[in-house]
$ cat entry36.txt   # compact mmCIF, C-alpha atoms and all ligand atoms
# COMPACT_ATOMS: atom_id res chain seq x y z
CA MET E 10 146.80 86.02 107.53
CA THR E 11 145.97 82.36 108.13
CA GLN E 12 147.93 80.35 110.65
CA ILE E 13 147.68 76.58 110.14
CA ASP E 14 148.24 74.27 113.10
CA LYS E 15 150.62 71.47 112.08
CA THR E 16 149.28 69.16 114.80
CA LYS E 17 145.93 69.02 112.96
CA PRO E 18 145.48 66.62 110.00
CA VAL E 19 145.83 67.96 106.46
CA MET E 20 143.66 66.70 103.63
CA VAL E 21 144.85 65.98 100.07
CA THR E 22 142.44 65.10 97.23
CA GLY E 23 143.76 62.77 94.49
CA ALA E 24 146.52 61.87 96.96
CA ASN E 25 147.91 59.05 94.82
CA GLY E 26 148.57 61.23 91.74
CA TYR E 27 151.99 62.13 90.33
CA VAL E 28 152.05 65.61 91.86
CA ALA E 29 150.06 64.87 95.03
CA SER E 30 152.27 61.92 95.99
CA TRP E 31 155.26 64.24 96.45
CA LEU E 32 153.10 66.65 98.44
CA VAL E 33 151.88 63.83 100.71
CA LYS E 34 155.51 62.76 101.24
CA ARG E 35 156.50 66.35 102.06
CA LEU E 36 153.71 66.59 104.67
CA LEU E 37 154.52 63.17 106.17
CA ASP E 38 158.23 64.04 106.44
CA GLU E 39 157.17 67.09 108.45
CA GLY E 40 155.39 64.78 110.92
CA ILE E 41 151.90 65.79 109.78
CA THR E 42 148.90 63.44 109.69
CA VAL E 43 147.60 63.25 106.11
CA HIS E 44 144.00 62.50 105.22
CA ALA E 45 144.50 61.01 101.78
CA ALA E 46 141.35 61.05 99.63
CA VAL E 47 141.55 58.63 96.70
CA ARG E 48 139.04 57.03 94.37
CA ASN E 49 139.82 53.53 95.49
CA PRO E 50 141.61 52.99 98.81
CA ASP E 51 141.37 49.20 98.28
CA ASN E 52 143.61 49.34 95.22
CA GLU E 53 146.89 48.52 96.95
CA GLN E 54 148.95 49.11 93.79
CA LYS E 55 147.81 52.71 93.61
CA ILE E 56 148.56 53.60 97.23
CA LYS E 57 151.48 51.37 98.24
CA HIS E 58 154.02 54.14 97.56
CA LEU E 59 152.12 56.41 99.98
CA LYS E 60 152.05 53.75 102.69
CA ASP E 61 155.81 53.28 102.18
CA ALA E 62 156.37 57.04 102.43
CA ALA E 63 154.40 57.10 105.69
CA ALA E 64 156.32 54.13 107.11
CA ASN E 65 159.60 55.98 106.48
CA SER E 66 158.46 59.28 107.99
CA LYS E 67 157.39 60.91 111.24
CA GLY E 68 153.85 61.40 109.95
CA GLU E 69 150.76 59.23 109.64
CA ILE E 70 148.44 58.56 106.72
CA LYS E 71 144.74 57.71 106.71
CA PHE E 72 142.92 56.83 103.50
CA PHE E 73 139.41 57.95 102.56
CA LYS E 74 137.27 57.01 99.57
CA ALA E 75 135.96 59.92 97.50
CA ASP E 76 135.10 60.79 93.90
CA LEU E 77 135.01 64.18 92.21
CA LEU E 78 131.59 63.40 90.75
CA SER E 79 130.05 62.33 94.05
CA PRO E 80 128.86 65.40 96.03
CA GLY E 81 129.78 65.34 99.71
CA SER E 82 132.17 62.42 99.29
CA TYR E 83 135.20 64.44 100.49
CA LYS E 84 133.55 65.65 103.67
CA ALA E 85 134.58 62.77 105.95
CA ALA E 86 138.25 63.21 104.97
CA MET E 87 138.01 66.96 105.67
CA GLU E 88 136.70 66.68 109.24
CA GLY E 89 139.21 68.15 111.71
CA CYS E 90 141.47 69.57 108.96
CA GLU E 91 142.43 73.25 108.88
CA LEU E 92 144.18 72.87 105.53
CA VAL E 93 142.72 71.23 102.41
CA TYR E 94 144.73 70.61 99.24
CA HIS E 95 142.63 70.00 96.16
CA THR E 96 144.84 68.44 93.49
CA ALA E 97 142.53 65.82 91.92
CA SER E 98 141.58 66.58 88.32
CA PRO E 99 141.89 64.48 85.17
CA PHE E 100 145.09 65.29 83.27
CA THR E 101 144.65 63.67 79.87
CA ILE E 102 145.02 65.33 76.52
CA GLU E 103 143.47 62.68 74.24
CA VAL E 104 139.78 62.37 75.09
CA LYS E 105 136.66 61.31 73.17
CA ASP E 106 134.14 63.34 75.14
CA PRO E 107 135.85 66.41 76.67
CA GLN E 108 132.69 67.55 78.49
CA LYS E 109 132.34 64.25 80.36
CA GLU E 110 135.98 63.28 80.70
CA LEU E 111 137.51 66.67 81.54
CA ILE E 112 135.11 69.54 82.20
CA GLU E 113 132.64 67.75 84.49
CA PRO E 114 135.16 66.13 86.86
CA ALA E 115 137.30 69.29 86.95
CA VAL E 116 134.51 71.81 87.55
CA GLN E 117 131.96 69.73 89.48
CA GLY E 118 134.84 68.21 91.44
CA THR E 119 136.12 71.63 92.47
CA ALA E 120 132.60 72.68 93.47
CA ASN E 121 132.15 69.43 95.36
CA VAL E 122 135.37 69.82 97.38
CA LEU E 123 135.05 73.56 98.05
CA ASN E 124 131.35 73.40 98.94
CA SER E 125 132.14 70.69 101.48
CA ALA E 126 134.88 72.94 102.89
CA LYS E 127 132.12 75.47 103.68
CA GLU E 128 130.33 72.83 105.75
CA VAL E 129 133.34 71.66 107.76
CA ALA E 130 134.01 74.25 110.46
CA SER E 131 137.68 73.33 111.00
CA VAL E 132 138.79 74.39 107.47
CA LYS E 133 140.78 77.65 107.37
CA ARG E 134 142.63 77.45 104.02
CA VAL E 135 142.07 75.66 100.71
CA VAL E 136 144.97 75.32 98.26
CA VAL E 137 143.92 74.35 94.73
CA THR E 138 146.32 72.87 92.18
CA SER E 139 145.35 74.93 89.18
CA SER E 140 147.69 75.25 86.20
CA CYS E 141 149.31 77.69 83.81
CA ALA E 142 146.67 76.15 81.51
CA ALA E 143 144.19 78.40 83.34
CA ILE E 144 146.35 81.35 82.21
CA TYR E 145 147.20 80.49 78.59
CA THR E 146 146.55 77.92 75.86
CA ASP E 147 149.31 78.41 73.28
CA ALA E 148 152.80 79.90 73.50
CA ILE E 149 151.56 82.76 71.30
CA ASP E 150 149.31 83.82 74.22
CA THR E 151 152.44 84.55 76.25
CA VAL E 152 153.75 86.78 73.46
CA ASN E 153 150.39 88.55 73.32
CA ALA E 154 150.11 88.98 77.11
CA PRO E 155 150.73 92.45 78.57
CA GLY E 156 154.54 92.91 78.76
CA GLY E 157 155.05 89.77 76.62
CA LYS E 158 154.85 87.35 79.55
CA LEU E 159 152.28 85.52 81.65
CA THR E 160 151.51 86.96 85.07
CA GLU E 161 148.95 86.10 87.74
CA GLU E 162 146.69 88.80 86.28
CA VAL E 163 146.18 86.91 83.04
CA TRP E 164 143.35 84.42 82.41
CA ASN E 165 143.03 81.92 79.60
CA THR E 166 140.58 83.27 77.00
CA THR E 167 141.56 81.06 74.05
CA ALA E 168 140.82 77.46 75.13
CA SER E 169 137.39 75.93 74.44
CA LEU E 170 135.58 72.61 74.42
CA ALA E 171 136.77 72.16 70.83
CA TYR E 172 140.33 73.48 71.20
CA GLN E 173 142.61 72.30 74.05
CA PRO E 174 139.75 71.16 76.34
CA TYR E 175 142.17 70.22 79.17
CA SER E 176 143.21 73.89 79.39
CA TYR E 177 139.54 74.84 79.25
CA SER E 178 138.76 72.45 82.12
CA LYS E 179 141.49 73.98 84.29
CA THR E 180 140.31 77.52 83.48
CA LEU E 181 136.67 76.79 84.35
CA ALA E 182 137.66 74.86 87.49
CA GLU E 183 139.85 77.67 88.83
CA LYS E 184 137.14 80.25 88.08
CA LYS E 185 134.67 78.09 89.98
CA ALA E 186 137.09 77.91 92.91
CA TRP E 187 137.40 81.71 93.13
CA GLU E 188 133.63 82.14 92.78
CA ILE E 189 132.99 79.79 95.74
CA ALA E 190 135.81 81.31 97.80
CA GLU E 191 134.47 84.82 97.29
CA GLY E 192 131.00 83.77 98.48
CA GLN E 193 132.21 82.91 102.00
CA SER E 194 134.64 84.12 104.66
CA GLN E 195 135.46 80.97 106.65
CA TRP E 196 138.61 80.02 104.68
CA ASP E 197 140.96 81.64 102.23
CA LEU E 198 141.91 80.26 98.82
CA VAL E 199 145.37 80.03 97.32
CA THR E 200 145.99 78.58 93.86
CA LEU E 201 149.19 77.23 92.37
CA ASN E 202 149.57 77.55 88.62
CA PRO E 203 152.40 75.33 87.38
CA PRO E 204 153.23 74.78 83.68
CA GLY E 205 154.56 71.34 82.55
CA ILE E 206 155.62 69.34 85.62
CA PHE E 207 158.49 66.90 85.20
CA GLY E 208 160.90 65.01 87.43
CA PRO E 209 160.83 61.64 89.19
CA PRO E 210 157.46 59.95 89.75
CA LEU E 211 156.94 58.12 93.06
CA ASN E 212 154.29 55.97 91.32
CA PRO E 213 155.68 55.45 87.77
CA HIS E 214 153.44 52.47 86.93
CA ASN E 215 150.26 53.93 88.35
CA THR E 216 149.73 57.38 86.97
CA THR E 217 148.18 58.41 83.68
CA SER E 218 149.62 61.93 84.03
CA GLU E 219 150.58 63.33 80.61
CA SER E 220 153.97 64.26 82.12
CA MET E 221 154.97 60.59 81.91
CA ASN E 222 153.74 60.29 78.32
CA ILE E 223 155.92 63.20 77.22
CA LEU E 224 159.03 61.61 78.75
CA LYS E 225 158.15 58.32 77.04
CA MET E 226 157.78 60.16 73.71
CA LEU E 227 161.17 61.83 74.12
CA GLY E 228 163.03 58.64 75.10
CA GLY E 229 161.04 56.08 73.14
CA GLY E 230 162.07 57.13 69.63
CA ASP E 231 158.97 59.09 68.55
CA MET E 232 161.19 62.15 68.19
CA LYS E 233 164.39 60.57 66.88
CA MET E 234 164.23 62.61 63.65
CA GLY E 235 163.97 65.79 65.71
CA ALA E 236 161.59 67.54 68.06
CA PRO E 237 159.33 70.51 67.48
CA LYS E 238 160.63 73.63 69.14
CA LEU E 239 157.37 74.17 71.02
CA GLY E 240 157.60 76.89 73.64
CA ILE E 241 156.57 75.62 77.08
CA GLY E 242 157.25 76.15 80.76
CA VAL E 243 158.69 73.49 83.04
CA VAL E 244 158.96 72.95 86.78
CA ASP E 245 160.19 70.04 88.91
CA VAL E 246 157.53 67.91 90.65
CA ARG E 247 159.50 68.15 93.92
CA ASP E 248 159.48 71.96 93.68
CA VAL E 249 155.72 71.89 93.00
CA ALA E 250 155.25 69.86 96.19
CA GLU E 251 157.37 72.35 98.13
CA ALA E 252 155.36 75.24 96.66
CA HIS E 253 152.15 73.55 97.82
CA TYR E 254 153.63 73.10 101.27
CA ARG E 255 154.63 76.77 101.49
CA ALA E 256 151.30 77.95 100.06
CA GLY E 257 149.56 76.04 102.82
CA PHE E 258 151.70 77.07 105.76
CA THR E 259 152.76 80.64 104.90
CA PRO E 260 150.21 82.81 106.78
CA ALA E 261 150.39 85.67 104.25
CA ALA E 262 150.10 83.47 101.11
CA GLN E 263 147.35 84.88 98.89
CA GLY E 264 145.92 84.69 95.38
CA ARG E 265 147.42 82.83 92.45
CA TYR E 266 151.05 81.75 92.16
CA ILE E 267 152.70 81.02 88.83
CA THR E 268 154.84 78.01 89.80
CA ALA E 269 157.17 77.98 86.79
CA ALA E 270 160.91 77.40 86.89
CA HIS E 271 162.03 77.47 83.24
CA ASN E 272 160.89 79.25 80.12
CA THR E 273 161.94 76.53 77.69
CA ASN E 274 160.83 74.41 74.73
CA PHE E 275 160.23 70.80 73.84
CA LEU E 276 163.52 70.41 71.96
CA GLU E 277 165.61 71.72 74.85
CA MET E 278 163.85 69.30 77.23
CA GLY E 279 165.17 66.49 75.03
CA THR E 280 168.66 67.86 74.35
CA VAL E 281 169.49 68.38 78.05
CA LEU E 282 169.21 64.57 78.29
CA LEU E 283 171.76 63.94 75.51
CA PRO E 284 175.02 64.00 77.53
CA LYS E 285 173.82 61.28 79.91
CA TYR E 286 171.46 59.24 77.71
CA GLY E 287 172.21 60.20 74.07
CA ASP E 288 174.23 57.04 73.30
CA GLN E 289 171.58 54.64 74.55
CA PHE E 290 168.26 56.28 73.74
CA PRO E 291 166.89 57.72 70.47
CA LEU E 292 166.51 61.24 71.86
CA PRO E 293 165.84 64.22 69.59
CA LYS E 294 169.00 66.10 68.55
CA LYS E 295 167.65 68.85 66.32
CA ALA E 296 164.59 70.99 65.71
CA LEU E 297 162.06 69.86 63.15
CA PRO E 298 161.42 72.73 60.72
CA LYS E 299 158.06 74.42 61.09
CA TRP E 300 157.16 73.96 57.38
CA LEU E 301 157.67 70.20 57.67
CA LEU E 302 155.60 70.02 60.83
CA MET E 303 152.81 72.00 59.20
CA LEU E 304 152.90 69.52 56.31
CA VAL E 305 153.02 66.20 58.17
CA GLY E 306 152.20 67.08 61.80
CA PRO E 307 148.40 67.01 61.48
CA MET E 308 148.59 63.54 59.87
CA ALA E 309 151.16 62.11 62.28
CA ASN E 310 149.41 63.21 65.45
CA LYS E 311 145.91 64.64 65.69
CA LEU E 312 146.95 66.84 68.60
CA PHE E 313 149.34 68.64 66.23
CA SER E 314 146.67 70.56 64.34
CA ARG E 315 147.84 73.35 62.04
CA LYS E 316 146.43 75.91 64.47
CA PHE E 317 148.37 74.36 67.37
CA LEU E 318 151.62 74.23 65.38
CA ARG E 319 151.22 77.80 64.11
CA ASN E 320 150.65 79.08 67.66
CA ASN E 321 153.42 77.13 69.38
CA VAL E 322 156.31 76.07 67.14
CA ASN E 323 159.29 78.46 67.37
CA VAL E 324 157.21 80.69 69.65
CA PRO E 325 158.93 81.55 72.96
CA TRP E 326 157.11 80.79 76.21
CA LYS E 327 157.54 83.35 78.93
CA ALA E 328 156.10 83.57 82.43
CA ASP E 329 156.94 85.80 85.36
CA ASN E 330 157.68 83.72 88.47
CA SER E 331 158.72 86.63 90.69
CA LYS E 332 155.61 86.49 92.94
CA ILE E 333 156.25 82.96 94.22
CA LYS E 334 159.96 83.65 94.67
CA LYS E 335 159.27 86.81 96.65
CA GLU E 336 156.24 85.78 98.73
CA LEU E 337 156.97 82.07 99.28
CA GLY E 338 160.78 82.20 98.99
CA MET E 339 160.80 79.52 96.27
CA THR E 340 163.93 78.51 94.38
CA PHE E 341 163.87 75.96 91.56
CA LYS E 342 165.93 72.98 90.43
CA PRO E 343 167.88 73.22 87.15
CA LEU E 344 166.12 71.83 84.04
CA LYS E 345 168.81 69.18 83.49
CA GLU E 346 168.37 67.73 86.98
CA THR E 347 164.59 67.63 86.60
CA MET E 348 164.69 65.92 83.21
CA GLU E 349 167.46 63.46 84.14
CA ASP E 350 165.91 62.42 87.45
CA GLY E 351 162.52 61.80 85.80
CA PHE E 352 164.07 59.91 82.87
CA GLN E 353 166.18 57.76 85.21
CA VAL E 354 163.11 56.48 87.09
CA LEU E 355 161.51 55.37 83.82
CA VAL E 356 164.78 53.61 82.86
CA ASP E 357 165.16 51.95 86.29
CA GLU E 358 161.56 50.74 86.18
CA GLY E 359 161.95 49.27 82.68
CA ILE E 360 159.39 51.67 81.23
CA LEU E 361 162.03 53.10 78.87
CA LYS E 362 164.45 50.56 77.39
CA ALA E 363 167.93 51.30 76.02
CA LYS E 364 168.40 50.53 72.28
N1 LIG E 401 151.53 67.14 85.45
C1 LIG E 401 151.53 68.38 84.99
O1 LIG E 401 152.33 68.73 84.11
C2 LIG E 401 150.57 69.39 85.57
C3 LIG E 401 150.78 70.76 85.30
C4 LIG E 401 149.94 71.72 85.88
C5 LIG E 401 148.90 71.32 86.69
N2 LIG E 401 148.70 69.98 86.93
C6 LIG E 401 147.59 69.60 87.80
O2 LIG E 401 148.09 68.80 88.86
C7 LIG E 401 147.05 67.94 89.33
C8 LIG E 401 147.56 66.52 89.39
O3 LIG E 401 147.95 66.08 88.11
P1 LIG E 401 149.04 64.93 87.90
O4 LIG E 401 149.98 65.37 86.84
O5 LIG E 401 149.56 64.52 89.21
O6 LIG E 401 148.14 63.78 87.25
P2 LIG E 401 147.68 62.35 87.83
O7 LIG E 401 148.84 61.57 88.32
O8 LIG E 401 146.87 61.76 86.72
O9 LIG E 401 146.76 62.73 89.05
C9 LIG E 401 145.41 63.07 88.90
C10 LIG E 401 144.66 62.70 90.17
O10 LIG E 401 143.28 63.07 90.01
C11 LIG E 401 142.48 61.95 90.36
N3 LIG E 401 141.20 61.93 89.67
C12 LIG E 401 140.94 62.02 88.35
N4 LIG E 401 139.61 61.93 88.13
C13 LIG E 401 139.02 61.73 89.33
C14 LIG E 401 137.68 61.56 89.79
N5 LIG E 401 136.64 61.53 88.94
N6 LIG E 401 137.45 61.42 91.12
C15 LIG E 401 138.48 61.42 92.00
N7 LIG E 401 139.77 61.58 91.64
C16 LIG E 401 140.03 61.74 90.33
C17 LIG E 401 143.32 60.74 89.95
O11 LIG E 401 142.83 59.57 90.59
P3 LIG E 401 143.04 58.11 89.96
O12 LIG E 401 144.48 57.75 90.19
O13 LIG E 401 142.09 57.26 90.70
O14 LIG E 401 142.75 58.23 88.49
C18 LIG E 401 144.69 61.18 90.45
O15 LIG E 401 144.82 60.98 91.82
C19 LIG E 401 145.87 68.13 88.38
O16 LIG E 401 144.98 69.06 88.97
C20 LIG E 401 146.53 68.72 87.14
O17 LIG E 401 145.62 69.48 86.38
C21 LIG E 401 149.51 69.01 86.39

$ encode --input "entry36.txt" --output "structure tokens"
Amino acid sequence: MTQIDKTKPVMVTGANGYVASWLVKRLLDEGITVHAAVRNPDNEQKIKHLKDAAANSKGEIKFFKADLLSPGSYKAAMEGCELVYHTASPFTIEVKDPQKELIEPAVQGTANVLNSAKEVASVKRVVVTSSCAAIYTDAIDTVNAPGGKLTEEVWNTTASLAYQPYSYSKTLAEKKAWEIAEGQSQWDLVTLNPPGIFGPPLNPHNTTSESMNILKMLGGGDMKMGAPKLGIGVVDVRDVAEAHYRAGFTPAAQGRYITAAHNTNFLEMGTVLLPKYGDQFPLPKKALPKWLLMLVGPMANKLFSRKFLRNNVNVPWKADNSKIKKELGMTFKPLKETMEDGFQVLVDEGILKAK
């Protein structure tokens, strides 16, 4: 049981990111002082939305400069904090050097942040933004999991440096987090494991999160002939922020939490947008047949390898979200609301243009 004092500052790594920005806003709205660790606090464009959120809230924000690859760089931001949220990690799928671009910042970054937490006496709880990617790689893994669905007991055993290295980076980083946590008794560790996060970005022009790229693909015409029925999980970014909040401040929170709202697929994520946006945007209306994808997919997009398509197309994705509902009292927004609200921000900001 860990009681966190809300009058003490709370630290967030990667505070300007898509997910972290909503968490920072949630904390500020609660009247909490946030120690926001970012790579470049002088880049006004990247942090303006956080300053605006602070100005419109009861809370306060202080910025700190830190980098995942620079040991000890998060320590100053951590001083005086009982609660540390570690969300920073590169979320890019297309990389040239997965070891350098994904594995090193994810794993060394986690070690960097959690080792500093051992040296700062005020820290009582660390909440790490892990991912369902640390649990599975392909939808077929959910079918093969005990009981045919992902649970907190399951670990990803199928990702590698050569195949889905982002998932591999999240798996190695979460393992590192548990290893460090188990070697000490000063603070407890809670991890959140969301699948695909969608919904409105607070910083639409200043995130490279893959979540934005998927929305752009759906609304930008790449899928106008149809979308692959790839099984995935989805959760709203605002619900992920709330889950982080509850994971931090619920004394009995413990272990991993699958933070998934919907067992869905890529096609459905597009078709829920049709009633509101179907006339103006070239959204997918039907499923692309698997045989066609197997034939042209690998040429059209190098991420759509035959192995990936075989393991994901027309394969249902299933995860058990009962632990987070029961222990943290979470409820989740409907898929349509999540997809529409995210899409609308990209339309309002001119990132997606009507035809
Ligand atoms: N979006 C999803 O669907 C999803 C699903 C499950 C889990 N997650 C996890 O959620 C977390 C946030 O992802 P996101 O979607 O919000 O992506 P994002 O907007 O790209 O945020 C990533 C954050 O990590 C920071 N970062 C990257 N490399 C860094 C480095 N070397 N040193 C310091 N900071 C660094 C980024 O800083 P800069 O802005 O300076 O680059 C940014 O603040 C990640 O841990 C991701 O794995 C995301």

$ closest_residue --input "entry36.txt" --among "E:His95, E:Pro213, E:Lys127, E:Glu219" --to "Val356 (chain E)" --atoms "only C-alpha atoms"
E:Pro213

$ closest_residue --input "entry36.txt" --among "E:Ile70, E:Leu201, E:Met226, E:Leu318" --to "Gly264 (chain E)" --atoms "all atoms listed in the file"
E:Leu201

$ closest_atom_pairs --input "entry36.txt" --of "chain E" --to "ligand LIG 401 (chain E)" --cutoff "6 Å" --atoms "only C-alpha atoms and all ligand atoms" --output "tab-separated table"
residue	atom	partner	partner_atom	distance
E:Gly23	CA	E:LIG401	O15	3.4
E:Ala24	CA	E:LIG401	O15	5.5
E:Asn25	CA	E:LIG401	O15	4.7
E:Gly26	CA	E:LIG401	O7	3.4
E:Tyr27	CA	E:LIG401	O5	3.6
E:Val28	CA	E:LIG401	O5	3.8
E:Ala29	CA	E:LIG401	O5	5.9
E:Arg48	CA	E:LIG401	O13	4.8
E:Asp76	CA	E:LIG401	N6	3.7
E:Leu77	CA	E:LIG401	N6	3.8
E:Leu78	CA	E:LIG401	N5	5.7
E:Thr96	CA	E:LIG401	O16	4.6
E:Ala97	CA	E:LIG401	O10	3.4
E:Ser98	CA	E:LIG401	O10	4.3
E:Pro99	CA	E:LIG401	C12	4.1
E:Phe100	CA	E:LIG401	O6	5.2
E:Pro114	CA	E:LIG401	N5	5.3
E:Thr138	CA	E:LIG401	O16	5.2
E:Ser139	CA	E:LIG401	C5	5.6
E:Ser140	CA	E:LIG401	C5	4.1
E:Pro203	CA	E:LIG401	C4	4.6
E:Pro204	CA	E:LIG401	C3	5.0
E:Gly205	CA	E:LIG401	O1	3.8
E:Ile206	CA	E:LIG401	O1	3.7
E:Thr216	CA	E:LIG401	O7	4.5
E:Thr217	CA	E:LIG401	O8	4.7
E:Ser218	CA	E:LIG401	O8	3.9
E:Ser220	CA	E:LIG401	N1	5.0

$ atom_distance --input "entry36.txt" --atom1 "CA of Pro107 (chain E)" --atom2 "CA of Ala142 (chain E)"
15.3 Å

$ atom_distance --input "entry36.txt" --atom1 "CA of Gly230 (chain E)" --atom2 "CA of Asn215 (chain E)"
22.4 Å

$ residues_around --input "entry36.txt" --residues "region 115-119 of chain E" --least-positions-apart "4" --cutoff "10 Å" --atoms "only C-alpha atoms" --output "PyMOL selection string"
chain E and resi 76-80+83+95-100+108-111+123-125+137+175+177-186+189

$ write_last_selection --input "entry36.txt" --atoms "C-alpha atoms" --output "compact mmCIF listing (two decimals), in the frame of the given file"
# COMPACT_ATOMS: atom_id res chain seq x y z
CA ASP E 76 135.10 60.79 93.90
CA LEU E 77 135.01 64.18 92.21
CA LEU E 78 131.59 63.40 90.75
CA SER E 79 130.05 62.33 94.05
CA PRO E 80 128.86 65.40 96.03
CA TYR E 83 135.20 64.44 100.49
CA HIS E 95 142.63 70.00 96.16
CA THR E 96 144.84 68.44 93.49
CA ALA E 97 142.53 65.82 91.92
CA SER E 98 141.58 66.58 88.32
CA PRO E 99 141.89 64.48 85.17
CA PHE E 100 145.09 65.29 83.27
CA GLN E 108 132.69 67.55 78.49
CA LYS E 109 132.34 64.25 80.36
CA GLU E 110 135.98 63.28 80.70
CA LEU E 111 137.51 66.67 81.54
CA LEU E 123 135.05 73.56 98.05
CA ASN E 124 131.35 73.40 98.94
CA SER E 125 132.14 70.69 101.48
CA VAL E 137 143.92 74.35 94.73
CA TYR E 175 142.17 70.22 79.17
CA TYR E 177 139.54 74.84 79.25
CA SER E 178 138.76 72.45 82.12
CA LYS E 179 141.49 73.98 84.29
CA THR E 180 140.31 77.52 83.48
CA LEU E 181 136.67 76.79 84.35
CA ALA E 182 137.66 74.86 87.49
CA GLU E 183 139.85 77.67 88.83
CA LYS E 184 137.14 80.25 88.08
CA LYS E 185 134.67 78.09 89.98
CA ALA E 186 137.09 77.91 92.91
CA ILE E 189 132.99 79.79 95.74

$ closest_atom_pairs --input "entry36.txt" --of "region 82-187 of chain E" --to "region 248-262 of chain E" --cutoff "8 Å" --atoms "all atoms listed in the file" --output "CSV"
residue,atom,partner,partner_atom,distance
E:Leu92,CA,E:Gly257,CA,6.8
E:Arg134,CA,E:Gly257,CA,7.2
E:Val135,CA,E:Gly257,CA,7.8
E:Val136,CA,E:Gly257,CA,6.5

$ build_atoms --input "entry36.txt" --residues "region 295-308 of chain E" --atoms "N, CA and C atoms" --output "tab-separated table (two decimals), in the frame of the given file"
chain	number	residue	atom	x	y	z
E	295	LYS	N	167.81	67.58	67.05
E	295	LYS	CA	167.65	68.85	66.32
E	295	LYS	C	166.17	69.23	66.23
E	296	ALA	N	165.97	70.49	65.84
E	296	ALA	CA	164.59	70.99	65.71
E	296	ALA	C	164.00	70.56	64.39
E	297	LEU	N	162.76	70.12	64.40
E	297	LEU	CA	162.06	69.86	63.15
E	297	LEU	C	161.60	71.20	62.58
E	298	PRO	N	161.84	71.43	61.28
E	298	PRO	CA	161.42	72.73	60.72
E	298	PRO	C	159.90	72.90	60.76
E	299	LYS	N	159.49	74.14	60.95
E	299	LYS	CA	158.06	74.42	61.09
E	299	LYS	C	157.28	74.02	59.83
E	300	TRP	N	157.88	74.27	58.63
E	300	TRP	CA	157.16	73.96	57.38
E	300	TRP	C	156.88	72.47	57.27
E	301	LEU	N	157.84	71.65	57.75
E	301	LEU	CA	157.67	70.20	57.67
E	301	LEU	C	156.57	69.75	58.64
E	302	LEU	N	156.62	70.35	59.83
E	302	LEU	CA	155.60	70.02	60.83
E	302	LEU	C	154.21	70.38	60.33
E	303	MET	N	154.12	71.56	59.70
E	303	MET	CA	152.81	72.00	59.20
E	303	MET	C	152.31	71.02	58.13
E	304	LEU	N	153.26	70.43	57.39
E	304	LEU	CA	152.90	69.52	56.31
E	304	LEU	C	152.47	68.16	56.85
E	305	VAL	N	153.31	67.58	57.74
E	305	VAL	CA	153.02	66.20	58.17
E	305	VAL	C	152.44	66.09	59.58
E	306	GLY	N	152.64	67.13	60.40
E	306	GLY	CA	152.20	67.08	61.80
E	306	GLY	C	150.76	66.66	61.97
E	307	PRO	N	149.82	67.33	61.28
E	307	PRO	CA	148.40	67.01	61.48
E	307	PRO	C	148.06	65.56	61.13
E	308	MET	N	148.86	64.94	60.21
E	308	MET	CA	148.59	63.54	59.87
E	308	MET	C	149.23	62.60	60.89
